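Worksheet: one structure, shown below.
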Amino acid sequence: MRGFVPFVGHRLFRALIALWLVSTVVFVVMRLSGDPVPLLLPPDAPTSEIMRVRRELGLDKPLPAQYVIFLSNLARGDFGRSIHFREPAFDVVRGYLAATLELGLTAFVLAAVVAVPIGLFSAMRRNTLVDHVAMGLALVGQSAPTFFLGILFILLLSLKADLFPTSGRGDWRNLVLPALTLGAFTMASIARLTRSAVLEVLRADYIRTARAKGVAEAWVVAKHTLKNAAIPIVTITGLQFGTLLGGAVVTETVFSWPGIGRLAVQSIYNRDYAVVQCTVFLAALMFVVINFFVDLIYGVLDPRIRAG
Amino acid sequence: MELTRRDLLKGAAALGAAAAVPLTAGGPAVAQTTQKKELITAQSGDVSKFDPHFSTSSNDIRVSFNIFDNLTARHPDGKLYPGLATEWKLEGQTTWRFKLRQGVKFHNGDAFTSADAKFSIERTYDPAAKTMVATVFSTIEKLETPDASTLVITTKKPDPLLPARLAFYGGQIVPKRYLESVGNDTFNAKPVGTGPIRFTSWVKDDKAVFEANPDYWGGKIDVDRWIMRPIPETAPRIAALLKGEVDVITQLPPDQGERVAGNATTRVAGALYAGLYVLAVNSKRPPLDNPLVKQALSLAIDREAIVKELWRGRGIVPSGCIAKGDNHFDPSLPPLAYSPAEAKDRLKKAGYKGEEIFIETTVAYVAQDKAMSEAIAAMWKDVGVNVKVEVIEYSVRAQKNREKSFKGVFWSDPTSTLGDPDGMVWRLIGPGGPQDYWREAKFDELGNAARFSVDEKFRGQAYKEMTKIFLEHFPWLPVIQPYEDYGLQKYVEFTPNPNQQFEVRRFNLKLRRA
């Protein structure tokens, strides 16, 4: 574990750089049109409001000073005021975060827990009926538009079969259909990727050696195959998780799920730039955090990475 | 056994076909009664503001007219009834004396007095407040409060419609003391009114919860609680109704009416919209500045087909610029004509050279807007118009509306806010109005005179002449006066209001109990 602290420190440093880059991009974009104030206030805002915001953003100061003010505001969670809701942008977004995390995490866990064993099994039983059915479903899951899947689930599993509520947020039953819908693409990708990764590994010499040594098949699978196939699986899984959190707008709309994907799109329509700025930054933050943990997991899985 | 990809795809297609079979709810016995003490409704969008003076969107007024009361009230039967004012009298030409209801309390316990009424009305046109309803009371000169239960309003000129103006948006009465002490933003987050429901909580895009006001002067409503859920997509909204998860849904598209009506536990209720769906015209843009061109465009629209095919018969063809149900609607006027031959003829007379005519349409801002645009574009092409349909986003429309920068024609659903042409066509296309793209001296003279006259005969005549001028110049191309439909559980007894208010007060909404 000697190399652990520098390893974590290195990854942490990279994560912070990524965050800093995102905030800089946000800063630049907001000022590309020259004056960010018209973006942050309604068109008929009184002069006193305009002056106040100019002061708060330090717009009368030189650009480097503005940048420092911007970064310190960001650190304090001050993203400006929502024109549409008339409260701090961060408070608005915060109200949607729990719902987003709930749906994103559930979709992800469901996808991973279902897809990895399916992919593994398909690989082990290559070209049998099980394999073809599983990969066929995966093809559907990856190609079917989210909107179509969502409505289909509502009509079949909720209205006709009466198994789940039609939409909205509530108890665990309300989570199932949106999580299935949101997770379908991820589930399909992970299943197919797991199958490929495992097949790759199964071809490797050390597997042939283990079998030749007389190691039990189950042990071959568990110890040797999975651990080595894990890297690509973890990579894709990590990336998908990030997308799940920010890109769920279609699922959220179909199921009236109050998540930040929908909030971001509505805020763009409303020209509510303070909220857009906040959601962009928070989505980037979540993405960076997830990737940071994915990096750490690599280190655990593959000693070669830890050393290098 | 090896399956080929072809076999799999065949199987998937069969699965898809099975799923597409229309659903008929077999199931439980007809639910005509309920024990529920809670009303759950679903509409196509969330509330944006609770402050009644800052939004006129239908998704907001459905709620704000129930949190707040007005001095006068427009019931679903179209008539004006007492609200927070129990009686009103015209004294002389320009003075109205309102007797206010006694013993009314705001949700926070403050007593309602004439000071609140004066404050509320003055707030709407206070330049510092910058409300969305600043022009509603432009006819008012001053307000006086000789005592706590009397309000005297003096208008600049005789205004026969003042009580009607007080009944609609802008006329909601807000609490002076509370608002002044907490400020606009907190008031918007925690609204307080005198209405039959009290604001309890709001989770954005999830649900808004209201509790019944037990001391409401009109009697406690029939339920203890009202939960409003925004369900933006139509299919899940209807599914929620069919499954019994919600009691009432709004904005039911006409092609889904059969499904709701055919279901054992639900029904459809609609009201003829107090207004029109029109293609408003930017008459400043050639060739739309030529009346002959606009006449041709109107003649080329097969409105009957639109009503029959797109609206499944749930609408009527307008005859002019006055909505059916309004004062001075002339039932003798024929529905707007359809004649492609005459349309071609007018275009020739106008010297139309094939200039581009734009339809800038939104999607689902006005019901069926895109579908109607495509149908109308095809009809116009048939008579030789060089038409281009452009889809614009709602916020772009809002900006163009503010800047009056539309390229051609655009959808509008003007509401007749007063049950009178003054509250619709004059409000919108009169000088300085939001759709002021065309002026005509005689039209303006008549509109002004009619607004300030108390002689209904004179007004009727004025609107007749204005309609003639309208039908020559077409500042709007009226397309349809639709029914606006609601889906309801059969145990909900409710009458829709033509002006899009959602009336939950005792006299209008009940759940039938066993």
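Chain lettering (A, B, ...) mirrors the order of the structure tokens, residue numbering begins at 1 for each chain separately, and ligand numbering begins at 1 in order of display.
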As a PDB file with C-alpha atoms, in the first residue's frame, please: the residues near Ala117 in chain B (cut-off 12 Å, only C-alpha atoms, same-chain neighbours under 2 positions excluded).
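And here's out15.pdb as it stands now:
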ATOM      1  CA  PHE B  68     -57.651  33.691  -4.140  1.00  0.00           C
ATOM      2  CA  ASP B  69     -61.096  35.232  -4.547  1.00  0.00           C
ATOM      3  CA  ASN B  70     -62.119  38.104  -6.797  1.00  0.00           C
ATOM      4  CA  LEU B  71     -64.636  40.814  -5.970  1.00  0.00           C
ATOM      5  CA  THR B  72     -66.954  39.373  -8.606  1.00  0.00           C
ATOM      6  CA  GLY B  83     -67.505  37.168  -4.776  1.00  0.00           C
ATOM      7  CA  LEU B  84     -65.781  39.237  -2.151  1.00  0.00           C
ATOM      8  CA  ALA B  85     -68.242  41.951  -3.145  1.00  0.00           C
ATOM      9  CA  PHE B  98     -69.056  47.932  -4.142  1.00  0.00           C
ATOM     10  CA  LYS B  99     -70.391  46.520  -0.888  1.00  0.00           C
ATOM     11  CA  LEU B 100     -67.813  44.087   0.481  1.00  0.00           C
ATOM     12  CA  ARG B 101     -68.459  40.785   2.204  1.00  0.00           C
ATOM     13  CA  ALA B 111     -59.346  40.217   8.171  1.00  0.00           C
ATOM     14  CA  PHE B 112     -60.285  41.130   4.593  1.00  0.00           C
ATOM     15  CA  THR B 113     -61.149  44.802   4.247  1.00  0.00           C
ATOM     16  CA  SER B 114     -61.529  47.416   1.548  1.00  0.00           C
ATOM     17  CA  ALA B 115     -57.857  48.308   2.062  1.00  0.00           C
ATOM     18  CA  PHE B 119     -54.180  47.565  -2.605  1.00  0.00           C
ATOM     19  CA  SER B 120     -54.679  44.541  -4.878  1.00  0.00           C
ATOM     20  CA  ILE B 121     -56.163  46.466  -7.766  1.00  0.00           C
ATOM     21  CA  GLU B 122     -53.645  49.297  -7.553  1.00  0.00           C
ATOM     22  CA  ARG B 123     -50.813  46.776  -7.415  1.00  0.00           C
ATOM     23  CA  THR B 124     -51.714  45.447 -10.853  1.00  0.00           C
ATOM     24  CA  LEU B 143     -60.224  53.827  -5.808  1.00  0.00           C
ATOM     25  CA  GLU B 144     -61.600  55.037  -2.488  1.00  0.00           C
ATOM     26  CA  THR B 145     -62.356  53.231   0.751  1.00  0.00           C
ATOM     27  CA  ASP B 147     -65.088  52.390   5.216  1.00  0.00           C
ATOM     28  CA  ALA B 148     -63.784  48.878   5.756  1.00  0.00           C
ATOM     29  CA  SER B 149     -66.595  47.236   3.828  1.00  0.00           C
ATOM     30  CA  THR B 150     -67.087  49.683   0.983  1.00  0.00           C
ATOM     31  CA  LEU B 151     -65.014  50.236  -2.128  1.00  0.00           C
ATOM     32  CA  VAL B 152     -65.734  53.061  -4.538  1.00  0.00           C
ATOM     33  CA  ILE B 153     -64.177  52.843  -7.993  1.00  0.00           C
ATOM     34  CA  LEU B 166     -62.826  42.405 -11.741  1.00  0.00           C
ATOM     35  CA  GLY B 170     -55.685  40.635 -12.340  1.00  0.00           C
ATOM     36  CA  GLY B 171     -58.718  40.884 -10.087  1.00  0.00           C
ATOM     37  CA  GLN B 172     -57.564  38.331  -7.524  1.00  0.00           C
ATOM     38  CA  ILE B 173     -57.470  39.956  -4.101  1.00  0.00           C
ATOM     39  CA  VAL B 174     -54.193  39.689  -2.205  1.00  0.00           C
ATOM     40  CA  PRO B 175     -53.493  40.502   1.486  1.00  0.00           C
ATOM     41  CA  LYS B 176     -52.002  43.945   1.912  1.00  0.00           C
ATOM     42  CA  ARG B 177     -50.389  43.516   5.315  1.00  0.00           C
ATOM     43  CA  GLY B 193     -55.509  34.451  -0.050  1.00  0.00           C
ATOM     44  CA  THR B 194     -59.131  34.207   0.990  1.00  0.00           C
TER      45      THR B 194
END
Could you tell me which residues of chain B sit within 6 Å of chain A when counting only C-alpha atoms, and give me the result as a list in words?
Asp205, Asp206, Ile231, Glu233, Ala240 and Ser395 of chain B
Okay, now the selection with N, CA and C atoms, as a CSV table (one decimal), in the first residue's frame?
chain,number,residue,atom,x,y,z
B,205,ASP,N,-42.3,20.4,-10.2
B,205,ASP,CA,-42.5,19.3,-11.2
B,205,ASP,C,-42.9,18.0,-10.6
B,206,ASP,N,-43.3,18.0,-9.4
B,206,ASP,CA,-43.7,16.8,-8.7
B,206,ASP,C,-45.2,16.9,-8.3
B,231,ILE,N,-48.3,16.3,-15.2
B,231,ILE,CA,-47.8,15.2,-16.1
B,231,ILE,C,-47.8,15.7,-17.5
B,233,GLU,N,-46.5,14.7,-20.4
B,233,GLU,CA,-46.8,13.8,-21.6
B,233,GLU,C,-48.3,13.4,-21.6
B,240,ALA,N,-52.9,7.6,-16.2
B,240,ALA,CA,-53.1,7.9,-14.8
B,240,ALA,C,-54.6,8.0,-14.5
B,395,SER,N,-40.2,29.8,-26.1
B,395,SER,CA,-39.5,31.0,-25.6
B,395,SER,C,-39.2,32.0,-26.7
Write out as a PyMOL selection string which residues come within 7 Å of Thr251 in chain A when counting only C-alpha atoms, dropping same-chain ones fewer than 5 positions away.
chain A and resi 146-147+150+178+181-182
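Nearest residue to Met30 in chain A, choosing from A:Leu57, A:Val215, A:Val300, A:Val113 and counting only C-alpha atoms: A:Leu57.
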Close residues, Phe210 in chain B itself excluded, 9 Å, only C-alpha atoms, min 4 positions apart in chain, as a list in words:
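After dropping sequence-adjacent residues, the list is Ile67, Ile197, Arg198, Phe199, Thr200, Ser201, Trp202, Asp224, Arg225, Trp226, Ile227 and Met228 of chain B.
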Identify all residues of range 87-263 of chain A in helix (DSSP H, G or I) (DSSP on the backbone) and supply them as a ChimeraX atom specification.
/A:89-124,129-143,146-160,172-202,205-213,217-246,249-254,260-263
Selection: 9 Å around Met286 in chain A, only C-alpha atoms, excl. self and same-chain fewer than 3 positions, as a list in words
Gly242, Leu245, Gly246, Phe281, Leu282, Ala283, Val289, Ile290 and Asn291 of chain A
Skip Val53 in chain A itself and residues of its chain fewer than 4 positions away, then list as a VMD selection string all residues within 9 Å of it, counting only C-alpha atoms.
chain A and resid 37 40 to 41 48 to 49 57 to 59 80
Any chance you could export the current selection's N, CA and C atoms as a CSV table (one decimal), in the first residue's frame?
chain,number,residue,atom,x,y,z
A,37,VAL,N,-25.3,40.2,-17.7
A,37,VAL,CA,-26.4,40.6,-16.9
A,37,VAL,C,-27.8,40.4,-17.6
A,40,LEU,N,-29.1,37.1,-16.9
A,40,LEU,CA,-29.4,36.7,-15.5
A,40,LEU,C,-30.6,37.4,-15.0
A,41,LEU,N,-31.1,38.4,-15.7
A,41,LEU,CA,-32.2,39.2,-15.2
A,41,LEU,C,-33.3,39.2,-16.2
A,48,SER,N,-32.1,49.5,-10.6
A,48,SER,CA,-31.5,49.2,-9.3
A,48,SER,C,-31.1,47.7,-9.2
A,49,GLU,N,-31.9,46.8,-9.8
A,49,GLU,CA,-31.6,45.3,-9.9
A,49,GLU,C,-30.3,45.2,-10.7
A,57,LEU,N,-21.5,40.6,-9.1
A,57,LEU,CA,-20.6,39.9,-10.0
A,57,LEU,C,-19.3,40.6,-10.2
A,58,GLY,N,-19.1,41.8,-9.7
A,58,GLY,CA,-17.9,42.5,-9.9
A,58,GLY,C,-17.7,42.9,-11.3
A,59,LEU,N,-18.8,43.2,-12.0
A,59,LEU,CA,-18.6,43.5,-13.5
A,59,LEU,C,-18.0,44.8,-13.7
A,80,GLY,N,-26.1,32.5,-8.6
A,80,GLY,CA,-27.0,33.5,-9.1
A,80,GLY,C,-28.5,33.2,-8.7
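The list of residues with at least one atom within 7 Å of Leu97 in chain A, based on only C-alpha atoms and without residues fewer than 3 positions apart in the same chain, reads Val93, Arg94, Thr100, Leu101, Gly259 and Ile260 of chain A.
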One decimal, Å: what's the distance from CA of Val280 in chain A over to CA of Leu74 in chain A, could you say?
12.3 Å
One-decimal distance in Å that lies between CA of Gly45 in chain B and CA of Arg506 in chain B
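For CA of Arg506 in chain B relative to CA of Gly45 in chain B, the distance reads 25.2 Å.
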Report, in Å with one decimal, the straight-line distance from CA of Ala341 in chain B to CA of Lys294 in chain B.
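Interatomic distance here is 14.7 Å.
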